[in-house]
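Heads up, my_file13.txt below (compact mmCIF, C-alpha atoms and all ligand atoms):
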```txt
# COMPACT_ATOMS: atom_id res chain seq x y z
CA MET C 133 143.27 92.82 88.36
CA GLN C 134 140.47 92.20 90.82
CA LEU C 135 138.26 89.15 90.36
CA LEU C 136 134.59 89.99 90.30
CA HIS C 137 132.20 87.39 91.65
CA PHE C 138 129.11 88.79 90.04
CA THR C 139 128.01 89.41 86.49
CA TYR C 140 125.17 91.59 85.40
CA PRO C 141 123.40 92.10 82.07
CA ALA C 142 124.78 95.07 80.17
CA VAL C 143 123.36 98.27 78.71
CA ILE C 144 125.56 99.51 75.86
CA LEU C 145 125.49 103.23 75.13
CA LYS C 146 125.39 104.85 71.72
CA SER C 147 128.68 106.36 70.71
CA GLY C 148 129.16 109.85 72.17
CA ARG C 149 126.47 109.32 74.83
CA ASP C 150 128.80 108.41 77.70
CA LYS C 151 129.50 111.93 78.94
CA SER C 152 126.77 112.18 81.55
CA VAL C 153 127.52 108.69 82.91
CA ARG C 154 131.20 109.57 83.21
CA GLY C 155 130.13 112.77 84.96
CA ARG C 156 128.32 110.58 87.50
CA HIS C 157 124.90 111.88 86.65
CA PRO C 158 122.57 109.35 88.30
CA ARG C 159 119.96 109.15 85.51
CA LEU C 160 120.41 107.44 82.17
CA PHE C 161 117.74 108.20 79.59
CA SER C 162 116.47 105.57 77.16
CA GLY C 163 117.57 107.64 74.16
CA SER C 164 121.25 107.08 75.00
CA ILE C 165 121.04 103.29 74.83
CA ARG C 166 122.31 101.43 71.75
CA SER C 167 121.60 97.87 72.86
CA ILE C 168 120.91 95.70 75.86
CA GLU C 169 122.67 92.37 76.39
CA GLY C 170 121.60 89.53 78.66
CA LYS C 171 117.84 90.13 78.73
CA PRO C 172 117.43 91.93 82.07
CA ARG C 173 113.93 92.26 83.49
CA ASP C 174 112.76 95.62 84.79
CA GLY C 175 114.10 96.09 88.29
CA ASP C 176 117.27 94.07 87.64
CA VAL C 177 120.81 95.33 88.18
CA VAL C 178 122.66 96.15 84.94
CA ASP C 179 126.16 97.28 84.01
CA VAL C 180 126.42 100.34 81.80
CA ARG C 181 129.15 100.19 79.15
CA ALA C 182 130.39 102.60 76.53
CA ASN C 183 129.99 101.53 72.90
CA THR C 184 133.63 100.39 73.09
CA GLY C 185 132.64 97.91 75.82
CA GLU C 186 134.36 99.90 78.57
CA TRP C 187 132.66 99.49 81.97
CA LEU C 188 131.23 102.82 83.21
CA ALA C 189 128.69 102.33 85.95
CA ARG C 190 126.07 100.04 87.47
CA GLY C 191 122.40 100.63 88.18
CA ILE C 192 118.84 99.34 87.99
CA ILE C 193 116.93 99.18 84.76
CA ASN C 194 113.30 100.08 84.09
CA GLN C 195 112.49 100.01 80.41
CA GLN C 196 108.97 101.24 81.14
CA ALA C 197 110.36 104.58 82.29
CA GLN C 198 111.98 107.46 80.45
CA THR C 199 114.84 107.23 82.93
CA ALA C 200 115.81 103.75 81.77
CA VAL C 201 118.61 103.19 84.28
CA ARG C 202 118.97 104.61 87.78
CA LEU C 203 122.72 104.62 88.34
CA LEU C 204 123.94 103.49 91.74
CA THR C 205 127.70 103.02 91.63
CA TRP C 206 130.73 103.98 89.55
CA ASP C 207 132.93 101.42 91.33
CA GLU C 208 133.14 98.18 89.37
CA SER C 209 134.00 96.17 92.47
CA GLU C 210 130.81 97.23 94.28
CA SER C 211 127.96 94.74 93.95
CA ILE C 212 124.35 95.77 94.44
CA ASP C 213 123.35 93.38 97.19
CA ASP C 214 121.46 93.79 100.47
CA ASP C 215 124.58 95.16 102.13
CA PHE C 216 124.87 97.85 99.49
CA TRP C 217 121.44 99.22 100.37
CA ARG C 218 122.05 99.00 104.12
CA ARG C 219 125.33 100.85 103.70
CA ARG C 220 123.71 103.69 101.76
CA VAL C 221 120.97 104.07 104.37
CA ASP C 222 123.47 104.08 107.25
CA GLN C 223 125.71 106.59 105.49
CA ALA C 224 122.85 109.01 104.87
CA ILE C 225 121.75 108.82 108.50
CA ALA C 226 125.32 109.28 109.75
CA ARG C 227 125.77 112.43 107.64
CA ARG C 228 122.74 114.05 109.26
CA ALA C 229 123.92 113.05 112.72
CA ARG C 230 127.16 114.99 112.11
CA ASP C 231 125.52 118.04 110.53
CA PRO C 232 125.76 121.02 112.90
CA LEU C 233 122.92 122.79 111.08
CA LEU C 234 120.51 120.08 112.19
CA ALA C 235 121.34 120.27 115.88
CA GLY C 236 118.29 122.30 116.86
CA THR C 237 115.59 120.21 115.25
CA SER C 238 113.74 116.96 115.89
CA ALA C 239 112.47 116.71 112.30
CA ARG C 240 114.78 116.16 109.37
CA ARG C 241 115.07 114.56 105.96
CA LEU C 242 117.29 111.51 106.49
CA ILE C 243 117.44 110.39 102.87
CA PHE C 244 117.13 112.73 99.89
CA GLY C 245 117.03 110.46 96.84
CA GLU C 246 119.89 110.71 94.38
CA SER C 247 121.75 113.19 96.59
CA ASP C 248 122.24 110.32 99.04
CA GLY C 249 122.87 107.71 96.36
CA LEU C 250 119.37 106.27 96.72
CA PRO C 251 117.30 107.25 93.65
CA GLY C 252 113.62 107.61 94.47
CA VAL C 253 114.03 107.17 98.22
CA ILE C 254 112.81 109.93 100.55
CA VAL C 255 112.83 109.40 104.30
CA ASP C 256 111.64 112.14 106.65
CA ASP C 257 111.99 111.70 110.40
CA TYR C 258 109.44 113.45 112.60
CA ALA C 259 110.69 112.81 116.14
CA GLY C 260 110.94 109.09 115.55
CA TYR C 261 107.97 108.73 113.18
CA LEU C 262 109.35 108.07 109.71
CA VAL C 263 107.44 109.02 106.57
CA VAL C 264 108.89 107.47 103.43
CA GLN C 265 108.46 107.71 99.68
CA PHE C 266 109.72 105.06 97.25
CA SER C 267 109.08 106.50 93.83
CA THR C 268 111.31 104.50 91.47
CA LEU C 269 111.14 100.83 90.55
CA ALA C 270 114.68 100.54 91.95
CA ALA C 271 113.45 101.79 95.33
CA ALA C 272 110.20 99.84 95.28
CA ARG C 273 112.06 96.58 94.62
CA VAL C 274 114.20 96.92 97.74
CA LYS C 275 111.54 98.45 99.98
CA GLN C 276 111.76 95.63 102.51
CA ILE C 277 115.55 95.87 102.81
CA LEU C 278 115.34 99.64 103.23
CA VAL C 279 112.67 99.30 105.91
CA GLU C 280 114.79 96.74 107.78
CA ALA C 281 117.84 99.01 107.53
CA LEU C 282 115.88 101.96 108.92
CA VAL C 283 114.53 99.86 111.78
CA ALA C 284 118.01 98.56 112.61
CA ALA C 285 119.56 102.03 112.52
CA LEU C 286 116.87 104.08 114.25
CA SER C 287 114.33 101.87 116.08
CA PRO C 288 111.58 104.21 114.85
CA ARG C 289 108.07 104.32 116.31
CA CYS C 290 106.62 103.79 112.87
CA ILE C 291 107.43 103.80 109.17
CA LEU C 292 104.59 105.19 107.10
CA GLU C 293 104.73 105.06 103.31
CA ARG C 294 103.24 108.02 101.43
CA SER C 295 104.73 107.63 97.96
CA ASP C 296 103.88 110.22 95.36
CA ASP C 297 101.31 108.86 92.87
CA GLU C 298 102.52 111.06 90.00
CA ARG C 299 106.14 109.98 90.31
CA LEU C 300 105.11 106.33 90.57
CA LYS C 301 103.09 106.71 87.38
CA HIS C 302 106.25 107.72 85.48
CA GLU C 303 107.75 104.39 86.50
CA ARG C 304 104.53 102.51 85.67
CA LEU C 305 104.01 101.70 89.33
CA ALA C 306 100.70 101.61 91.21
CA PRO C 307 99.99 103.97 94.14
CA ALA C 308 101.65 102.84 97.36
CA ARG C 309 100.82 104.04 100.84
CA GLY C 310 100.33 102.53 104.24
CA LEU C 311 102.03 101.44 107.41
CA LEU C 312 105.26 99.48 106.83
CA PHE C 313 106.40 99.17 110.44
CA GLY C 314 105.21 99.94 113.98
CA ASP C 315 101.99 101.70 114.92
CA LEU C 316 100.36 104.72 113.40
CA PRO C 317 100.60 107.80 115.62
CA ALA C 318 97.44 108.43 117.62
CA GLY C 319 97.21 112.03 116.43
CA LEU C 320 99.45 114.92 115.51
CA ILE C 321 103.19 114.61 116.10
CA ASP C 322 105.11 117.15 118.18
CA ILE C 323 108.34 118.36 116.66
CA PHE C 324 110.67 121.25 117.41
CA GLU C 325 112.62 123.23 114.87
CA ASN C 326 115.16 125.92 115.81
CA GLY C 327 113.68 125.88 119.31
CA LEU C 328 110.05 126.33 118.17
CA GLN C 329 107.26 123.78 118.65
CA PHE C 330 105.06 122.54 115.82
CA LYS C 331 102.43 119.87 115.31
CA VAL C 332 102.67 117.75 112.18
CA ASP C 333 99.97 115.66 110.58
CA VAL C 334 102.04 112.90 108.98
CA GLN C 335 98.99 111.00 107.76
CA ALA C 336 96.89 113.68 106.07
CA GLY C 337 99.26 116.66 105.78
CA GLN C 338 100.74 117.74 102.45
CA LYS C 339 103.75 115.77 101.12
CA THR C 340 105.19 113.99 104.17
CA GLY C 341 103.61 116.49 106.60
CA PHE C 342 105.92 119.50 106.90
CA TYR C 343 108.13 121.56 104.58
CA LEU C 344 111.47 120.74 106.15
CA ASP C 345 113.40 122.26 103.25
CA GLN C 346 112.45 125.78 104.41
CA ARG C 347 113.79 125.35 107.96
CA GLU C 348 116.80 127.67 107.65
CA ASN C 349 114.92 130.15 105.50
CA ARG C 350 112.23 130.57 108.13
CA ALA C 351 114.91 131.54 110.63
CA ARG C 352 116.55 133.94 108.19
CA VAL C 353 113.35 135.66 107.10
CA ALA C 354 112.18 135.98 110.72
CA ARG C 355 115.08 138.32 111.46
CA TYR C 356 113.34 141.00 109.40
CA CYS C 357 110.09 140.58 111.33
CA SER C 358 110.69 142.36 114.67
CA GLY C 359 107.87 144.87 115.09
CA ALA C 360 106.71 144.15 111.55
CA ASP C 361 103.33 143.60 109.94
CA VAL C 362 103.87 140.31 108.10
CA LEU C 363 101.87 138.81 105.25
CA ASN C 364 102.61 135.08 104.98
CA VAL C 365 101.25 133.92 101.64
CA PHE C 366 101.02 130.17 100.93
CA ALA C 367 101.24 129.69 104.66
CA TYR C 368 100.44 125.96 104.92
CA THR C 369 100.60 125.24 108.69
CA GLY C 370 101.96 128.69 109.46
CA ALA C 371 105.64 127.95 110.04
CA PHE C 372 107.05 131.21 108.63
CA GLY C 373 104.51 133.18 110.69
CA VAL C 374 105.27 131.29 113.88
CA TYR C 375 108.95 132.20 113.49
CA ALA C 376 107.95 135.80 112.80
CA ALA C 377 105.76 135.92 115.93
CA ALA C 378 108.64 134.47 117.97
CA ARG C 379 110.75 137.37 116.66
CA SER C 380 108.15 139.85 117.97
CA ALA C 381 106.30 140.61 114.77
CA ARG C 382 103.44 143.06 115.39
CA SER C 383 100.97 141.15 113.23
CA VAL C 384 100.89 138.13 110.94
CA ILE C 385 98.27 137.35 108.32
CA HIS C 386 98.39 133.78 107.01
CA VAL C 387 96.90 133.15 103.57
CA ASP C 388 96.34 129.64 102.21
CA SER C 389 93.68 127.91 100.15
CA SER C 390 93.65 124.96 102.55
CA ARG C 391 91.39 125.38 105.59
CA GLU C 392 92.86 122.26 107.23
CA ALA C 393 96.36 123.70 106.93
CA LEU C 394 95.23 126.99 108.49
CA ARG C 395 93.51 125.16 111.36
CA LEU C 396 96.86 123.57 112.14
CA ALA C 397 98.57 126.97 111.79
CA GLU C 398 96.28 128.20 114.57
CA VAL C 399 97.29 125.23 116.74
CA ASN C 400 100.95 125.95 116.02
CA HIS C 401 100.63 129.57 117.12
CA SER C 402 98.87 128.46 120.31
CA LEU C 403 101.97 126.38 121.19
CA GLN C 404 104.21 129.44 121.39
CA PRO C 405 104.12 130.95 124.85
CA MET C 406 102.85 134.50 125.35
CA SER C 407 103.22 136.08 121.98
CA ALA C 408 101.71 139.55 121.68
CA CYS C 409 101.50 139.20 117.91
CA ALA C 410 98.04 139.64 116.32
CA VAL C 411 97.55 136.61 114.09
CA THR C 412 94.81 136.16 111.50
CA TYR C 413 94.03 133.38 109.05
CA GLN C 414 92.62 133.87 105.56
CA ALA C 415 91.39 130.86 103.62
CA ALA C 416 91.66 132.34 100.14
CA ASP C 417 93.27 132.11 96.76
CA ALA C 418 96.62 133.85 97.12
CA PHE C 419 96.36 135.79 93.84
CA GLU C 420 92.88 137.08 94.66
CA TYR C 421 93.82 137.97 98.22
CA LEU C 422 96.90 139.92 97.10
CA ARG C 423 94.91 141.78 94.47
CA ALA C 424 92.29 142.67 97.07
CA CYS C 425 95.02 143.99 99.40
CA ARG C 426 96.44 146.10 96.63
CA ALA C 427 93.03 147.45 95.67
CA GLN C 428 92.44 148.48 99.29
CA GLY C 429 95.91 150.01 99.60
CA MET C 430 96.99 147.56 102.32
CA GLN C 431 100.75 147.26 102.75
CA PHE C 432 103.07 145.20 104.94
CA ASP C 433 106.64 145.40 106.23
CA VAL C 434 107.42 141.80 105.25
CA VAL C 435 105.68 139.78 102.55
CA ILE C 436 106.52 136.07 102.18
CA LEU C 437 105.58 134.24 98.98
CA ASP C 438 106.16 130.47 99.10
CA PRO C 439 103.96 129.02 96.36
CA PRO C 440 103.66 125.34 95.39
CA LYS C 441 105.65 124.06 92.41
CA PHE C 442 104.38 125.88 89.28
CA ALA C 443 106.57 123.95 86.76
CA HIS C 444 107.09 120.20 86.85
CA THR C 445 108.69 119.79 83.40
CA PRO C 446 110.75 121.99 81.09
CA ALA C 447 107.67 122.32 78.86
CA GLN C 448 105.90 124.14 81.68
CA ILE C 449 108.62 126.73 82.28
CA ASP C 450 107.06 129.55 80.24
CA ARG C 451 103.67 129.25 81.85
CA ALA C 452 105.23 128.96 85.29
CA ALA C 453 107.41 132.02 84.65
CA ARG C 454 104.28 134.04 83.89
CA ALA C 455 102.59 132.80 87.07
CA TYR C 456 105.65 133.67 89.20
CA LYS C 457 105.79 137.09 87.57
CA ASP C 458 102.09 137.81 88.15
CA LEU C 459 102.31 136.67 91.74
CA ASN C 460 105.41 138.71 92.51
CA ARG C 461 104.12 141.79 90.70
CA VAL C 462 101.19 142.00 93.12
CA GLY C 463 103.54 140.91 95.91
CA PHE C 464 105.83 143.91 95.32
CA GLY C 465 102.76 146.13 95.27
CA VAL C 466 101.82 145.33 98.86
CA VAL C 467 105.26 145.92 100.44
CA ARG C 468 105.75 149.21 102.28
CA PRO C 469 108.66 151.32 101.04
CA GLY C 470 111.80 149.96 102.73
CA GLY C 471 110.08 146.67 103.49
CA ILE C 472 111.00 143.10 102.57
CA LEU C 473 109.73 140.67 99.95
CA ALA C 474 110.91 137.11 100.64
CA THR C 475 110.01 135.16 97.54
CA PHE C 476 110.55 131.48 96.72
CA SER C 477 110.29 128.96 93.92
CA CYS C 478 110.51 125.19 94.45
CA SER C 479 110.31 124.43 90.71
CA GLY C 480 113.60 122.68 89.94
CA VAL C 481 113.32 123.45 86.23
CA VAL C 482 113.26 127.20 86.95
CA ASP C 483 116.90 127.84 87.85
CA SER C 484 118.09 130.64 90.08
CA ALA C 485 119.21 132.88 87.20
CA LEU C 486 115.80 132.61 85.54
CA PHE C 487 114.05 133.11 88.86
CA GLN C 488 115.94 136.34 89.47
CA LYS C 489 115.02 137.58 85.98
CA ILE C 490 111.37 136.81 86.66
CA ILE C 491 111.49 138.72 89.95
CA PHE C 492 113.16 141.62 88.18
CA SER C 493 110.35 141.74 85.58
CA ALA C 494 107.81 141.64 88.38
CA ALA C 495 109.48 144.58 90.14
CA LEU C 496 109.66 146.51 86.89
CA GLU C 497 105.99 145.95 86.12
CA SER C 498 104.96 147.05 89.58
CA ALA C 499 107.23 150.09 89.25
CA ARG C 500 109.27 149.28 92.36
CA ASP C 501 113.03 149.31 92.70
CA ALA C 502 114.39 146.49 94.78
CA GLN C 503 117.69 145.16 96.09
CA VAL C 504 118.58 141.51 96.61
CA ILE C 505 119.95 141.26 100.12
CA GLU C 506 119.97 137.46 100.61
CA ARG C 507 119.85 134.40 98.38
CA LEU C 508 118.30 131.35 99.94
CA THR C 509 118.27 127.66 99.11
CA GLN C 510 117.07 124.33 100.52
CA ALA C 511 118.14 123.19 103.99
CA SER C 512 121.25 121.05 104.45
CA ASP C 513 119.29 117.83 104.92
CA HIS C 514 118.26 118.28 101.25
CA PRO C 515 121.83 118.46 99.91
CA VAL C 516 122.62 119.37 96.32
CA LEU C 517 124.72 116.67 94.65
CA LEU C 518 127.28 118.37 92.42
CA SER C 519 126.99 115.64 89.77
CA PHE C 520 123.21 116.10 89.80
CA PRO C 521 122.43 119.81 89.58
CA GLU C 522 118.74 118.97 89.26
CA SER C 523 118.80 118.20 92.99
CA GLU C 524 118.90 121.96 93.59
CA TYR C 525 115.25 122.96 93.42
CA LEU C 526 114.44 125.52 96.09
CA LYS C 527 115.55 129.09 95.67
CA GLY C 528 114.58 132.26 97.41
CA LEU C 529 115.40 135.93 97.20
CA VAL C 530 115.10 138.32 100.07
CA CYS C 531 114.50 141.70 98.44
CA ARG C 532 114.48 145.08 100.07
CA VAL C 533 111.76 146.99 98.26
CA LEU C 534 112.55 150.69 97.86
N1 LIG B 1 105.33 128.17 103.48
C1 LIG B 1 104.86 126.86 103.89
C2 LIG B 1 104.81 125.86 102.77
C3 LIG B 1 103.96 126.27 101.60
S1 LIG B 1 103.52 124.96 100.55
C4 LIG B 1 105.68 126.36 105.06
O1 LIG B 1 106.73 126.96 105.38
O2 LIG B 1 105.30 125.37 105.67
C5 LIG B 1 102.39 125.73 99.45
C6 LIG B 1 101.04 126.05 100.07
O3 LIG B 1 100.29 126.76 99.08
C7 LIG B 1 100.17 124.86 100.43
O4 LIG B 1 99.82 124.96 101.80
C8 LIG B 1 98.91 124.98 99.56
O5 LIG B 1 97.73 124.65 100.27
C9 LIG B 1 98.92 126.44 99.21
N2 LIG B 1 98.29 126.84 97.95
C10 LIG B 1 98.39 126.25 96.75
N3 LIG B 1 97.75 126.98 95.80
C11 LIG B 1 97.25 128.07 96.43
C12 LIG B 1 96.52 129.22 96.00
N4 LIG B 1 96.18 129.40 94.71
N5 LIG B 1 96.18 130.13 96.92
C13 LIG B 1 96.52 129.99 98.22
N6 LIG B 1 97.23 128.94 98.68
C14 LIG B 1 97.59 127.99 97.80
```
Here is the file; what I need is its structure written in the form of structure tokens.
Ligand code: SAH
Amino acid sequence: MQLLHFTYPAVILKSGRDKSVRGRHPRLFSGSIRSIEGKPRDGDVVDVRANTGEWLARGIINQQAQTAVRLLTWDESESIDDDFWRRRVDQAIARRARDPLLAGTSARRLIFGESDGLPGVIVDDYAGYLVVQFSTLAAARVKQILVEALVAALSPRCILERSDDERLKHERLAPARGLLFGDLPAGLIDIFENGLQFKVDVQAGQKTGFYLDQRENRARVARYCSGADVLNVFAYTGAFGVYAAARSARSVIHVDSSREALRLAEVNHSLQPMSACAVTYQAADAFEYLRACRAQGMQFDVVILDPPKFAHTPAQIDRAARAYKDLNRVGFGVVRPGGILATFSCSGVVDSALFQKIIFSAALESARDAQVIERLTQASDHPVLLSFPESEYLKGLVCRVL
């Protein structure tokens, strides 16, 4: 029997509520807790025990949040000290360094929250400029240690915090953003991805600046774009269209409601040498633009639909399903016979089976037959943790529209 040199307050589960903890699910909800012993304060380390007293796991408590404990280890001999956090950071970085799928890119997600054993921690690396999000109390409490670990491991040019206000609110935390280390970049940051150049605005861009999770999917969808007329809907800074142009698309139309994003899309196209592709930019609502195309009988060889998250909670699934169906119905309508619809959802609560059903209804309502020829997911630097299926959020279907 090993001697433990640390003791933590304990969270005792209700009887029959130990299954998810035993299954190493990293979130413990307040409804599963029978009692709390030892008066922990929010942000403290606690042991989680079954109602029999059996030790199950260890994590950080926040009684202000619905997720009362963020579980960190299932090894009773592992203490949650500064070394613990450094180790987790180093391990996450080392995994990316060994990942062959990340060889051709200078921008990658180094830490993906629970999937890397660091609940609430997101770290994106844009060619040495790190953009971070700390969206749980557990993460916020050890921010300084995490920053020091990142500096020691990577010697970054800067660490910029852009935590998500909404997620912080769920943990009863105030907005947090600003420079944590180094100097702010003077302007846009140059990155390359699969051999293509992009500029990223890490300070004012959406999320941390670039949608890294779509990296592989951009390459896959681009293979259908040789000689094609491409409609890139929800274009953001144009990444899908830049890949398409590099694959000799005939034309690309980018549609996005954000003029700033489209301005950067134009810059990104200008970085690609000598493309003969005709590129246009439409600052418009995607639904209205697609309806206008359909009304005018415009059709494309490849249509890409990459909307923002429509459902954030299970309660929003029905409404989101209708929005995805409406969007894809008009989407199908503007694909030429034999062409491709590449359609995505980044709503984690809409799983891939439901998403496929929604796309089927959309095809049916637009009276088009379609075949699924590829199923797409998030890039490998956003790994899906098997014990945490919720970490799988991005799904895509490449459909051949008959
Ligand atoms: N495909 C992009 C990422 C898209 S993110 C890439 O690979 O980088 C979703 C985009 O949808 C954002 O740029 C946002 O500005 C845009 N958007 C959100 N609602 C919209 C709407 N109703 N119409 C058009 N664009 C919208």
Residue nearest Arg350 of chain C - candidates C:Ala367, C:Ile168, C:Cys531, C:Ala415, atoms counted: all atoms listed in the file: C:Ala367
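Of the listed residues C:Pro469, C:Leu459, C:Thr412, C:Thr205, the one whose atoms come nearest to Asp501 of chain C is C:Pro469, with distances taken using only C-alpha atoms.
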Atomic distance atom CA of Ile491 of chain C - atom CA of Ser247 of chain C, expressed in Å with one decimal: 28.3 Å
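You can rank C:Ser477, C:Thr184, C:Ser407, C:Gln335 by their closest distance to ligand LIG 1 (chain B) using only C-alpha atoms and all ligand atoms, and at the top of that list sits C:Ser477.
Considering all atoms listed in the file, the residue among C:Ile490, C:Val384, C:Ala485, C:Leu344 positioned nearest to ligand LIG 1 (chain B) is C:Leu344.
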Site check for ligand LIG 1 (chain B): residues at most 6 Å away, all atoms listed in the file, as a ChimeraX atom specification: /C:343,346,366-369,371-372,388-390,416-418,438-440
If the box runs along x, y and z of the file and leaves 4 Å on each side of segment 305-310 of chain C, what are its centre and edge lengths in Å, one decimal, as AutoDock Vina command-line options?
```
--center_x 102.0 --center_y 102.8 --center_z 96.8 --size_x 12.0 --size_y 10.4 --size_z 22.9
```
Any idea what's packed within 8 Å of Asn349 of chain C, counting all atoms listed in the file, ignoring anything in its chain fewer than 2 positions away? Could you give it as an mmCIF file with C-alpha atoms, keeping the file's coordinate frame?
```cif
data_model
loop_
_atom_site.group_PDB
_atom_site.id
_atom_site.type_symbol
_atom_site.label_atom_id
_atom_site.label_comp_id
_atom_site.auth_asym_id
_atom_site.auth_seq_id
_atom_site.Cartn_x
_atom_site.Cartn_y
_atom_site.Cartn_z
ATOM 1 C CA GLN C 346 112.450 125.780 104.410
ATOM 2 C CA ARG C 347 113.790 125.350 107.960
ATOM 3 C CA ALA C 351 114.910 131.540 110.630
ATOM 4 C CA ARG C 352 116.550 133.940 108.190
ATOM 5 C CA VAL C 353 113.350 135.660 107.100
ATOM 6 C CA LEU C 508 118.300 131.350 99.940
ATOM 7 C CA THR C 509 118.270 127.660 99.110
ATOM 8 C CA GLN C 510 117.070 124.330 100.520
ATOM 9 C CA ALA C 511 118.140 123.190 103.990
#
```
Residue neighbourhood Pro515 of chain C, 10 Å, all atoms listed in the file, exclusion window fewer than 3 positions, as a list in words: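 With the cut-off at 10 Å, the set is Arg241, Ile243, Phe244, Gly245, Glu246, Ser247, Asp248, Asp345, Thr509, Gln510, Ala511, Ser512, Leu518, Ser523 and Glu524 of chain C.
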Any chance you could build segment 139-151 of chain C out to N, CA, C and O atoms and write it as an mmCIF file, in the coordinates of the input?
```cif
data_model
loop_
_atom_site.group_PDB
_atom_site.id
_atom_site.type_symbol
_atom_site.label_atom_id
_atom_site.label_comp_id
_atom_site.auth_asym_id
_atom_site.auth_seq_id
_atom_site.Cartn_x
_atom_site.Cartn_y
_atom_site.Cartn_z
ATOM 1 N N THR C 139 128.125 88.893 87.849
ATOM 2 C CA THR C 139 128.010 89.410 86.490
ATOM 3 C C THR C 139 126.588 89.917 86.309
ATOM 4 O O THR C 139 125.649 89.320 86.823
ATOM 5 N N TYR C 140 126.474 90.997 85.626
ATOM 6 C CA TYR C 140 125.170 91.590 85.400
ATOM 7 C C TYR C 140 124.939 91.747 83.900
ATOM 8 O O TYR C 140 125.901 91.878 83.143
ATOM 9 N N PRO C 141 123.674 91.772 83.477
ATOM 10 C CA PRO C 141 123.400 92.100 82.070
ATOM 11 C C PRO C 141 123.952 93.497 81.776
ATOM 12 O O PRO C 141 124.199 94.282 82.695
ATOM 13 N N ALA C 142 124.127 93.807 80.508
ATOM 14 C CA ALA C 142 124.780 95.070 80.170
ATOM 15 C C ALA C 142 123.915 95.948 79.263
ATOM 16 O O ALA C 142 123.255 95.458 78.347
ATOM 17 N N VAL C 143 123.974 97.253 79.556
ATOM 18 C CA VAL C 143 123.360 98.270 78.710
ATOM 19 C C VAL C 143 124.506 98.951 77.967
ATOM 20 O O VAL C 143 125.444 99.434 78.599
ATOM 21 N N ILE C 144 124.468 98.919 76.642
ATOM 22 C CA ILE C 144 125.560 99.510 75.860
ATOM 23 C C ILE C 144 125.071 100.864 75.321
ATOM 24 O O ILE C 144 123.996 100.956 74.719
ATOM 25 N N LEU C 145 125.883 101.887 75.547
ATOM 26 C CA LEU C 145 125.490 103.230 75.130
ATOM 27 C C LEU C 145 125.802 103.475 73.661
ATOM 28 O O LEU C 145 126.711 102.859 73.095
ATOM 29 N N LYS C 146 125.059 104.377 73.057
ATOM 30 C CA LYS C 146 125.390 104.850 71.720
ATOM 31 C C LYS C 146 126.720 105.606 71.787
ATOM 32 O O LYS C 146 127.057 106.156 72.844
ATOM 33 N N SER C 147 127.396 105.659 70.673
ATOM 34 C CA SER C 147 128.680 106.360 70.710
ATOM 35 C C SER C 147 128.432 107.844 71.001
ATOM 36 O O SER C 147 127.453 108.435 70.535
ATOM 37 N N GLY C 148 129.295 108.434 71.820
ATOM 38 C CA GLY C 148 129.160 109.850 72.170
ATOM 39 C C GLY C 148 128.119 110.129 73.248
ATOM 40 O O GLY C 148 127.872 111.284 73.583
ATOM 41 N N ARG C 149 127.492 109.093 73.801
ATOM 42 C CA ARG C 149 126.470 109.320 74.830
ATOM 43 C C ARG C 149 126.949 108.928 76.232
ATOM 44 O O ARG C 149 126.149 108.672 77.130
ATOM 45 N N ASP C 150 128.275 108.876 76.414
ATOM 46 C CA ASP C 150 128.800 108.410 77.700
ATOM 47 C C ASP C 150 129.148 109.556 78.653
ATOM 48 O O ASP C 150 129.483 109.327 79.801
ATOM 49 N N LYS C 151 128.992 110.807 78.159
ATOM 50 C CA LYS C 151 129.500 111.930 78.940
ATOM 51 C C LYS C 151 128.795 112.057 80.305
ATOM 52 O O LYS C 151 129.445 112.221 81.330
#
```
